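Data first, discussion second: the structure below is written as structure tokens.
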Amino acid sequence: MSASTSDQDSHKALGIWEANATHWDEVVGHEGNHYWKKLQRPCLERLLARQLEPTDEPRRALELACGNGLCSRWLAGHGDAIGEVWATDGSLSMLDRARAYGSSGGRIVFRKMDVTKPEDFTELLEEAVAEAGFDIVLMNMALMDVSDLEPLAAALPKLLRRDGVPRSFSFVATVLHPVFMTSDYSRDLRYRFDAETGEQTLECGKTIFGYMDVPPVKSAIFSGHKTPFVRTIDRES
């Protein structure tokens, strides 16, 4: 992907999030929706179990693409493990929504940052180096919306803490398998009848037509919401 194409996709994606920030926040809310409570949060609790253990030296966390700040608030809620959380996003409207929920007693710092822009990492990297880095860098359900991952890949080794106990600091990114998000597919509904009981059951399925080479697409996650362009994360990504 050329630099100009990446910039165009990033601009379009952020524009869509700007336009849909209010609706997204209304659906997700302060405490998270059913999807967060039943799937995302339990997964993050497992992935970050070590980093969320109580400690005498509270850890520092950085969230990239924080949206309305749900994950940042969740991290800050572990006060015996996390002392400071930096909540960043490329959308000012999303950051406004996150700020509206408060800073969790001053433990959350908000900052606008586009992860596709190397220059946006500059100041953050300077401060990270000064503070010995972050113990946690989290990017929850956002990788598929990023048009260029190279700036993030280059910055990560400098953002993460470089001393301490091995495996006590982590970069965690979550994303649904591309078959559920970006593939060319159709949804299938099939009714089956039990000859003995006469009962009718409904079976739901999905037929995949394309998987490894699917162009960026738009789709609606919630009614009334159009998501940014997403990129297929294949086996070679």
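Going by the structure tokens order, chains are called A, B, ..., each with residues numbered from 1, while ligands are numbered from 1 in the order shown.
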
#### Entry: Exercise: A:Leu149 partners within 9 Å, only C-alpha atoms, chain neighbours under 6 positions left out, as number ranges by chain
A: 115-116, 143

Store the residues of this selection in a file with all heavy atoms, as an mmCIF file, in the first residue's frame.
data_model
loop_
_atom_site.group_PDB
_atom_site.id
_atom_site.type_symbol
_atom_site.label_atom_id
_atom_site.label_comp_id
_atom_site.auth_asym_id
_atom_site.auth_seq_id
_atom_site.Cartn_x
_atom_site.Cartn_y
_atom_site.Cartn_z
ATOM 1 N N VAL A 115 -2.232 6.574 15.155
ATOM 2 C CA VAL A 115 -1.173 5.559 15.132
ATOM 3 C C VAL A 115 -0.588 5.346 13.740
ATOM 4 O O VAL A 115 0.422 4.640 13.602
ATOM 5 C CB VAL A 115 -1.673 4.205 15.692
ATOM 6 C CG1 VAL A 115 -2.037 4.328 17.148
ATOM 7 C CG2 VAL A 115 -2.830 3.666 14.867
ATOM 8 N N THR A 116 -1.190 5.929 12.717
ATOM 9 C CA THR A 116 -0.623 5.813 11.370
ATOM 10 C C THR A 116 0.363 6.937 11.072
ATOM 11 O O THR A 116 0.978 6.948 9.996
ATOM 12 C CB THR A 116 -1.729 5.824 10.290
ATOM 13 O OG1 THR A 116 -2.339 7.113 10.245
ATOM 14 C CG2 THR A 116 -2.777 4.762 10.575
ATOM 15 N N LEU A 143 -6.932 -2.943 15.445
ATOM 16 C CA LEU A 143 -5.915 -3.210 14.425
ATOM 17 C C LEU A 143 -6.510 -3.283 13.023
ATOM 18 O O LEU A 143 -5.907 -2.826 12.050
ATOM 19 C CB LEU A 143 -5.186 -4.522 14.728
ATOM 20 C CG LEU A 143 -3.996 -4.481 15.684
ATOM 21 C CD1 LEU A 143 -3.468 -5.886 15.893
ATOM 22 C CD2 LEU A 143 -2.910 -3.573 15.162
#

### Query
Any idea what's packed within 12 Å of A:Cys43, counting only C-alpha atoms, ignoring anything in its chain fewer than 6 positions away? Could you give it as a VMD selection string?
chain A and resid 35 to 37 49 140 to 141 172 to 176

### Message
Just the number, please: distance in Å from atom CA of A:Ala98 to atom CA of A:Pro216, one decimal.
### Response
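Rounded to one decimal, the two atoms are 27.4 Å apart.
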
### Message
Just list as JSON, numbers by chain whatever in stretch 42-220 of chain A DSSP marks as alpha helix (DSSP H).
### Response
{"A": [42, 43, 44, 45, 46, 47, 70, 71, 72, 73, 74, 75, 76, 92, 93, 94, 95, 96, 97, 98, 99, 100, 118, 119, 120, 121, 122, 123, 124, 125, 126, 127, 128, 129, 130, 150, 151, 152, 153, 154, 155, 156, 157, 158, 159]}

Please produce an output containing C-alpha atoms for each residue in the selection, written as a PDB file, in the first residue's frame.
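Result written to part-v9.pdb:
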ATOM      1  CA  PRO A  42     -12.788 -11.862  30.035  1.00  0.00           C
ATOM      2  CA  CYS A  43     -10.199 -12.225  27.256  1.00  0.00           C
ATOM      3  CA  LEU A  44      -8.289  -9.149  28.411  1.00  0.00           C
ATOM      4  CA  GLU A  45      -8.375 -10.378  31.992  1.00  0.00           C
ATOM      5  CA  ARG A  46      -6.627 -13.562  30.860  1.00  0.00           C
ATOM      6  CA  LEU A  47      -4.147 -11.838  28.556  1.00  0.00           C
ATOM      7  CA  LEU A  70     -13.852   1.964  28.127  1.00  0.00           C
ATOM      8  CA  CYS A  71     -10.629  -0.068  28.356  1.00  0.00           C
ATOM      9  CA  SER A  72      -8.708   2.815  29.901  1.00  0.00           C
ATOM     10  CA  ARG A  73     -11.309   3.114  32.655  1.00  0.00           C
ATOM     11  CA  TRP A  74     -11.185  -0.636  33.155  1.00  0.00           C
ATOM     12  CA  LEU A  75      -7.406  -0.534  33.529  1.00  0.00           C
ATOM     13  CA  ALA A  76      -7.525   2.466  35.867  1.00  0.00           C
ATOM     14  CA  LEU A  92     -11.155  14.199  18.853  1.00  0.00           C
ATOM     15  CA  SER A  93     -14.852  13.382  19.161  1.00  0.00           C
ATOM     16  CA  MET A  94     -14.039  10.006  20.651  1.00  0.00           C
ATOM     17  CA  LEU A  95     -11.597  11.596  23.080  1.00  0.00           C
ATOM     18  CA  ASP A  96     -14.270  14.104  24.106  1.00  0.00           C
ATOM     19  CA  ARG A  97     -16.559  11.191  24.900  1.00  0.00           C
ATOM     20  CA  ALA A  98     -13.817   9.498  26.906  1.00  0.00           C
ATOM     21  CA  ARG A  99     -13.027  12.680  28.854  1.00  0.00           C
ATOM     22  CA  ALA A 100     -16.699  13.152  29.685  1.00  0.00           C
ATOM     23  CA  PRO A 118       5.063   8.564  12.869  1.00  0.00           C
ATOM     24  CA  GLU A 119       5.199  12.205  14.014  1.00  0.00           C
ATOM     25  CA  ASP A 120       2.362  11.568  16.478  1.00  0.00           C
ATOM     26  CA  PHE A 121       4.601   9.092  18.294  1.00  0.00           C
ATOM     27  CA  THR A 122       7.490  11.549  18.714  1.00  0.00           C
ATOM     28  CA  GLU A 123       6.447  13.313  21.922  1.00  0.00           C
ATOM     29  CA  LEU A 124       5.010  10.125  23.354  1.00  0.00           C
ATOM     30  CA  LEU A 125       8.282   8.295  22.752  1.00  0.00           C
ATOM     31  CA  GLU A 126      10.275  11.067  24.423  1.00  0.00           C
ATOM     32  CA  GLU A 127       8.123  10.855  27.538  1.00  0.00           C
ATOM     33  CA  ALA A 128       8.114   7.059  27.481  1.00  0.00           C
ATOM     34  CA  VAL A 129      11.903   6.996  27.429  1.00  0.00           C
ATOM     35  CA  ALA A 130      12.042   9.511  30.269  1.00  0.00           C
ATOM     36  CA  GLU A 150       4.472   0.289  10.238  1.00  0.00           C
ATOM     37  CA  PRO A 151       4.618   3.392  12.526  1.00  0.00           C
ATOM     38  CA  LEU A 152       3.209   1.362  15.410  1.00  0.00           C
ATOM     39  CA  ALA A 153       5.603  -1.539  14.780  1.00  0.00           C
ATOM     40  CA  ALA A 154       8.546   0.857  14.791  1.00  0.00           C
ATOM     41  CA  ALA A 155       7.469   2.598  18.002  1.00  0.00           C
ATOM     42  CA  LEU A 156       6.515  -0.431  20.118  1.00  0.00           C
ATOM     43  CA  PRO A 157      10.027  -1.517  21.167  1.00  0.00           C
ATOM     44  CA  LYS A 158      10.647   2.012  22.464  1.00  0.00           C
ATOM     45  CA  LEU A 159       7.263   2.363  24.149  1.00  0.00           C
TER      46      LEU A 159
END

Proximity of stretch 135-193 of chain A to stretch 202-214 of chain A: per-residue shortest pair, 12 Å limit, only C-alpha atoms, as JSON lines:
{"residue": "A:His177", "atom": "CA", "partner": "A:Tyr211", "partner_atom": "CA", "distance": 10.6}
{"residue": "A:Pro178", "atom": "CA", "partner": "A:Tyr211", "partner_atom": "CA", "distance": 7.7}
{"residue": "A:Val179", "atom": "CA", "partner": "A:Tyr211", "partner_atom": "CA", "distance": 6.8}
{"residue": "A:Phe180", "atom": "CA", "partner": "A:Lys206", "partner_atom": "CA", "distance": 9.2}
{"residue": "A:Met181", "atom": "CA", "partner": "A:Tyr211", "partner_atom": "CA", "distance": 10.3}
{"residue": "A:Thr182", "atom": "CA", "partner": "A:Val214", "partner_atom": "CA", "distance": 6.9}
{"residue": "A:Ser183", "atom": "CA", "partner": "A:Tyr211", "partner_atom": "CA", "distance": 5.2}
{"residue": "A:Asp184", "atom": "CA", "partner": "A:Gly210", "partner_atom": "CA", "distance": 4.8}
{"residue": "A:Tyr185", "atom": "CA", "partner": "A:Ile208", "partner_atom": "CA", "distance": 4.4}
{"residue": "A:Ser186", "atom": "CA", "partner": "A:Thr207", "partner_atom": "CA", "distance": 5.3}
{"residue": "A:Arg187", "atom": "CA", "partner": "A:Lys206", "partner_atom": "CA", "distance": 4.5}
{"residue": "A:Asp188", "atom": "CA", "partner": "A:Gly205", "partner_atom": "CA", "distance": 4.9}
{"residue": "A:Leu189", "atom": "CA", "partner": "A:Cys204", "partner_atom": "CA", "distance": 4.8}
{"residue": "A:Arg190", "atom": "CA", "partner": "A:Glu203", "partner_atom": "CA", "distance": 5.1}
{"residue": "A:Tyr191", "atom": "CA", "partner": "A:Leu202", "partner_atom": "CA", "distance": 4.6}
{"residue": "A:Arg192", "atom": "CA", "partner": "A:Leu202", "partner_atom": "CA", "distance": 6.4}
{"residue": "A:Phe193", "atom": "CA", "partner": "A:Leu202", "partner_atom": "CA", "distance": 9.0}

### For atom CA of A:Gly69 and atom CA of A:Gly32, the interatomic separation in Å (one decimal)
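It comes out at 10.0 Å.
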
### Task
Go ahead and compute the interatomic distance for atom CA of A:Lys117 and atom CA of A:Leu160, in Å to one decimal.
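Atom CA of A:Leu160 lies 18.5 Å from atom CA of A:Lys117.
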
Residues within 7 Å of A:Ser10, only C-alpha atoms, excluding chain neighbours under 3 positions, as a CSV table (one decimal) with all heavy atoms, in the first residue's frame:
chain,number,residue,atom,x,y,z
A,6,SER,N,-2.5,5.0,2.0
A,6,SER,CA,-2.6,4.8,3.5
A,6,SER,C,-3.2,6.1,4.1
A,6,SER,O,-4.1,6.0,5.0
A,6,SER,CB,-1.3,4.4,4.1
A,6,SER,OG,-1.3,4.4,5.5
A,7,ASP,N,-2.7,7.2,3.7
A,7,ASP,CA,-3.1,8.5,4.3
A,7,ASP,C,-4.6,8.7,4.0
A,7,ASP,O,-5.4,9.2,4.8
A,7,ASP,CB,-2.3,9.7,3.8
A,7,ASP,CG,-0.9,9.7,4.3
A,7,ASP,OD1,-0.6,9.0,5.3
A,7,ASP,OD2,0.0,10.3,3.7
A,13,ALA,N,-11.2,6.8,7.6
A,13,ALA,CA,-11.6,6.1,8.7
A,13,ALA,C,-11.8,7.0,9.9
A,13,ALA,O,-12.8,6.8,10.6
A,13,ALA,CB,-10.5,5.1,9.1
A,14,LEU,N,-10.9,7.9,10.2
A,14,LEU,CA,-11.1,8.8,11.3
A,14,LEU,C,-12.3,9.7,11.1
A,14,LEU,O,-13.0,10.1,12.1
A,14,LEU,CB,-9.8,9.7,11.5
A,14,LEU,CG,-8.6,9.0,12.0
A,14,LEU,CD1,-7.4,9.9,12.0
A,14,LEU,CD2,-8.9,8.4,13.4
A,146,VAL,N,-6.8,0.0,11.0
A,146,VAL,CA,-5.5,0.8,10.8
A,146,VAL,C,-5.0,0.5,9.5
A,146,VAL,O,-4.7,-0.6,9.1
A,146,VAL,CB,-4.5,0.5,11.9
A,146,VAL,CG1,-3.2,1.3,11.7
A,146,VAL,CG2,-5.0,0.8,13.3
A,147,SER,N,-4.8,1.6,8.6
A,147,SER,CA,-4.4,1.4,7.3
A,147,SER,C,-2.9,1.1,7.1
A,147,SER,O,-2.5,0.6,6.1
A,147,SER,CB,-4.8,2.7,6.4
A,147,SER,OG,-4.1,3.8,7.0
